[in-house]
Amino acid sequence: MLKLIRLEWKKNHIARYIRNALIVAGVLGLFLFATAYFGIANDPDTGVPDTAEGYNFMSASVEMVTGVTFLIFTSLMLASFIVSAYKNKTMNLMFSYPIKRRNILISQMLAVWIFNFVALVLTKLLIYGCILAGSAYKASAFPIDYDMTHLSFYAQLVLKSVVTVSVSFIALFVGLVLRSSKATIVTSFLLILLTQANIGDYTLANRPLFPLVLIALSLVFAFLSIRNVETKDLI
């Protein structure tokens, strides 16, 4: 499986995605640092941050911005690695290899998942670290409500990253069913509402079981994406 994953990275020119991830990390880092220390999110009349309820802390802003961005980024990679491979008949050639189709598809999904999980975790650490370092010289417009010396900080960071990247499997399933890369990407935008856990005025964001429910739901859709892949017709 590891060989198949490395093959997927090589075949899809992973260096290009590494470059894009670095650009994304840099842009997000600059934006959030400016939000914290240069007042770009402040109300011009009051001079205080103009934010929605529940997002008036630094960690909430970091998690929302990085989560939304990498959910879309992951879905774009899934569309490129898998859905497009079906559409342009590249998958036909791969399925002619003396390897189980299921293993090929799983390796593609894991190649995308691993890359984006690592990229998301590193991006968050970079942003959290830069904002924390900046607080030594200037007061942040948003209260810094995290402590990078506590193990719980890293546990929550990893769990939230797992949820964000895994939810993209729902978008993959929709893309495969509709035979459309665009459907995969559009679905990722719709899933932003789900990952933010807000439904109207009701929120699930602070419910401890919600991330586990999302992970379980994502695994169900991942299973549905590979079910019967050995026998079903190619797109």
# chains A, B, ... in the order shown; residues from 1 in each chain; ligands from 1
>>> residues_around(residues="segment 14-23 of chain A", least_positions_apart="4", cutoff="10 Å", atoms="only C-alpha atoms", output="ChimeraX atom specification")
/A:6,8-10,27-29,70,73,77,111-112,115-116,119-120,122-123
>>> residues_around(residues="Leu217 of chain A", least_positions_apart="5", cutoff="12 Å", atoms="only C-alpha atoms", output="list of chain:residue names")
A:Val163, A:Ser166, A:Val167, A:Ser168, A:Phe169, A:Ile170, A:Ala171, A:Phe173, A:Leu194, A:Thr195, A:Phe210, A:Pro211, A:Leu212, A:Ala222, A:Phe223, A:Leu224
>>> closest_residue(among="A:Cys130, A:Val162, A:Leu176, A:Asn228", to="Ala216 of chain A", atoms="only C-alpha atoms")
A:Val162
>>> closest_residue(among="A:Ala155, A:Leu193, A:Ile104, A:Val68", to="Lys3 of chain A", atoms="only C-alpha atoms")
A:Ile104
>>> select_by_dssp(residues="segment 132-175 of chain A", states="helix (DSSP H, G or I)", output="list in words")
Leu132, Ala133, Gly134, Leu151, Ser152, Phe153, Tyr154, Ala155, Gln156, Leu157, Val158, Leu159, Lys160, Ser161, Val162, Val163, Thr164, Val165, Ser166, Val167, Ser168, Phe169, Ile170, Ala171, Leu172, Phe173, Val174 and Gly175 of chain A
>>> write_last_selection(atoms="N, CA, C and O atoms", output="mmCIF file, in the first residue's frame")
data_model
loop_
_atom_site.group_PDB
_atom_site.id
_atom_site.type_symbol
_atom_site.label_atom_id
_atom_site.label_comp_id
_atom_site.auth_asym_id
_atom_site.auth_seq_id
_atom_site.Cartn_x
_atom_site.Cartn_y
_atom_site.Cartn_z
ATOM 1 N N LEU A 132 1.385 33.698 18.340
ATOM 2 C CA LEU A 132 1.847 33.689 19.727
ATOM 3 C C LEU A 132 3.148 34.476 19.871
ATOM 4 O O LEU A 132 3.333 35.227 20.832
ATOM 5 N N ALA A 133 4.047 34.337 18.904
ATOM 6 C CA ALA A 133 5.304 35.089 18.941
ATOM 7 C C ALA A 133 5.043 36.587 18.837
ATOM 8 O O ALA A 133 5.696 37.396 19.512
ATOM 9 N N GLY A 134 4.071 36.965 18.012
ATOM 10 C CA GLY A 134 3.746 38.380 17.856
ATOM 11 C C GLY A 134 3.196 39.003 19.121
ATOM 12 O O GLY A 134 3.354 40.220 19.342
ATOM 13 N N LEU A 151 -0.491 19.652 26.255
ATOM 14 C CA LEU A 151 -0.732 18.528 25.349
ATOM 15 C C LEU A 151 -2.135 18.581 24.762
ATOM 16 O O LEU A 151 -2.347 18.171 23.614
ATOM 17 N N SER A 152 -3.104 19.095 25.515
ATOM 18 C CA SER A 152 -4.484 19.160 25.042
ATOM 19 C C SER A 152 -4.604 20.024 23.783
ATOM 20 O O SER A 152 -5.460 19.781 22.929
ATOM 21 N N PHE A 153 -3.756 21.039 23.671
ATOM 22 C CA PHE A 153 -3.767 21.895 22.476
ATOM 23 C C PHE A 153 -3.486 21.065 21.236
ATOM 24 O O PHE A 153 -4.175 21.181 20.212
ATOM 25 N N TYR A 154 -2.470 20.206 21.302
ATOM 26 C CA TYR A 154 -2.075 19.400 20.144
ATOM 27 C C TYR A 154 -3.092 18.298 19.876
ATOM 28 O O TYR A 154 -3.334 17.957 18.706
ATOM 29 N N ALA A 155 -3.689 17.757 20.926
ATOM 30 C CA ALA A 155 -4.710 16.725 20.740
ATOM 31 C C ALA A 155 -5.912 17.291 19.991
ATOM 32 O O ALA A 155 -6.428 16.669 19.056
ATOM 33 N N GLN A 156 -6.353 18.486 20.388
ATOM 34 C CA GLN A 156 -7.487 19.111 19.707
ATOM 35 C C GLN A 156 -7.127 19.502 18.277
ATOM 36 O O GLN A 156 -7.946 19.353 17.358
ATOM 37 N N LEU A 157 -5.910 19.993 18.096
ATOM 38 C CA LEU A 157 -5.475 20.380 16.761
ATOM 39 C C LEU A 157 -5.496 19.182 15.817
ATOM 40 O O LEU A 157 -5.986 19.278 14.682
ATOM 41 N N VAL A 158 -4.992 18.048 16.275
ATOM 42 C CA VAL A 158 -4.955 16.842 15.445
ATOM 43 C C VAL A 158 -6.364 16.344 15.159
ATOM 44 O O VAL A 158 -6.699 15.998 14.015
ATOM 45 N N LEU A 159 -7.223 16.312 16.190
ATOM 46 C CA LEU A 159 -8.583 15.815 16.000
ATOM 47 C C LEU A 159 -9.348 16.673 15.002
ATOM 48 O O LEU A 159 -10.011 16.147 14.098
ATOM 49 N N LYS A 160 -9.257 17.985 15.134
ATOM 50 C CA LYS A 160 -9.967 18.870 14.216
ATOM 51 C C LYS A 160 -9.428 18.739 12.792
ATOM 52 O O LYS A 160 -10.194 18.836 11.827
ATOM 53 N N SER A 161 -8.130 18.503 12.671
ATOM 54 C CA SER A 161 -7.542 18.325 11.341
ATOM 55 C C SER A 161 -8.019 17.026 10.706
ATOM 56 O O SER A 161 -8.295 16.968 9.504
ATOM 57 N N VAL A 162 -8.114 15.971 11.514
ATOM 58 C CA VAL A 162 -8.628 14.692 11.019
ATOM 59 C C VAL A 162 -10.054 14.866 10.498
ATOM 60 O O VAL A 162 -10.408 14.364 9.423
ATOM 61 N N VAL A 163 -10.871 15.579 11.256
ATOM 62 C CA VAL A 163 -12.266 15.797 10.853
ATOM 63 C C VAL A 163 -12.324 16.568 9.535
ATOM 64 O O VAL A 163 -13.032 16.176 8.600
ATOM 65 N N THR A 164 -11.584 17.654 9.447
ATOM 66 C CA THR A 164 -11.619 18.502 8.245
ATOM 67 C C THR A 164 -11.254 17.727 6.988
ATOM 68 O O THR A 164 -11.950 17.806 5.970
ATOM 69 N N VAL A 165 -10.153 16.980 7.057
ATOM 70 C CA VAL A 165 -9.689 16.258 5.869
ATOM 71 C C VAL A 165 -10.608 15.081 5.548
ATOM 72 O O VAL A 165 -10.888 14.802 4.381
ATOM 73 N N SER A 166 -11.093 14.406 6.571
ATOM 74 C CA SER A 166 -11.934 13.221 6.346
ATOM 75 C C SER A 166 -13.277 13.572 5.732
ATOM 76 O O SER A 166 -13.810 12.803 4.922
ATOM 77 N N VAL A 167 -13.840 14.719 6.112
ATOM 78 C CA VAL A 167 -15.152 15.110 5.584
ATOM 79 C C VAL A 167 -15.140 15.226 4.063
ATOM 80 O O VAL A 167 -16.175 15.052 3.401
ATOM 81 N N SER A 168 -13.974 15.460 3.483
ATOM 82 C CA SER A 168 -13.887 15.580 2.022
ATOM 83 C C SER A 168 -14.269 14.285 1.315
ATOM 84 O O SER A 168 -14.588 14.303 0.122
ATOM 85 N N PHE A 169 -14.268 13.148 2.031
ATOM 86 C CA PHE A 169 -14.690 11.891 1.406
ATOM 87 C C PHE A 169 -16.159 11.927 1.022
ATOM 88 O O PHE A 169 -16.591 11.200 0.117
ATOM 89 N N ILE A 170 -16.937 12.753 1.708
ATOM 90 C CA ILE A 170 -18.342 12.924 1.325
ATOM 91 C C ILE A 170 -18.416 13.580 -0.051
ATOM 92 O O ILE A 170 -19.204 13.180 -0.913
ATOM 93 N N ALA A 171 -17.573 14.601 -0.245
ATOM 94 C CA ALA A 171 -17.529 15.274 -1.554
ATOM 95 C C ALA A 171 -17.068 14.315 -2.642
ATOM 96 O O ALA A 171 -17.568 14.348 -3.771
ATOM 97 N N LEU A 172 -16.105 13.450 -2.312
ATOM 98 C CA LEU A 172 -15.631 12.454 -3.287
ATOM 99 C C LEU A 172 -16.764 11.538 -3.710
ATOM 100 O O LEU A 172 -16.939 11.270 -4.908
ATOM 101 N N PHE A 173 -17.540 11.054 -2.765
ATOM 102 C CA PHE A 173 -18.649 10.154 -3.078
ATOM 103 C C PHE A 173 -19.642 10.826 -4.015
ATOM 104 O O PHE A 173 -20.084 10.233 -5.004
ATOM 105 N N VAL A 174 -19.973 12.079 -3.732
ATOM 106 C CA VAL A 174 -20.915 12.807 -4.588
ATOM 107 C C VAL A 174 -20.342 12.957 -5.998
ATOM 108 O O VAL A 174 -21.036 12.774 -6.994
ATOM 109 N N GLY A 175 -19.049 13.275 -6.076
ATOM 110 C CA GLY A 175 -18.415 13.419 -7.377
ATOM 111 C C GLY A 175 -18.413 12.138 -8.187
ATOM 112 O O GLY A 175 -18.615 12.155 -9.408
#
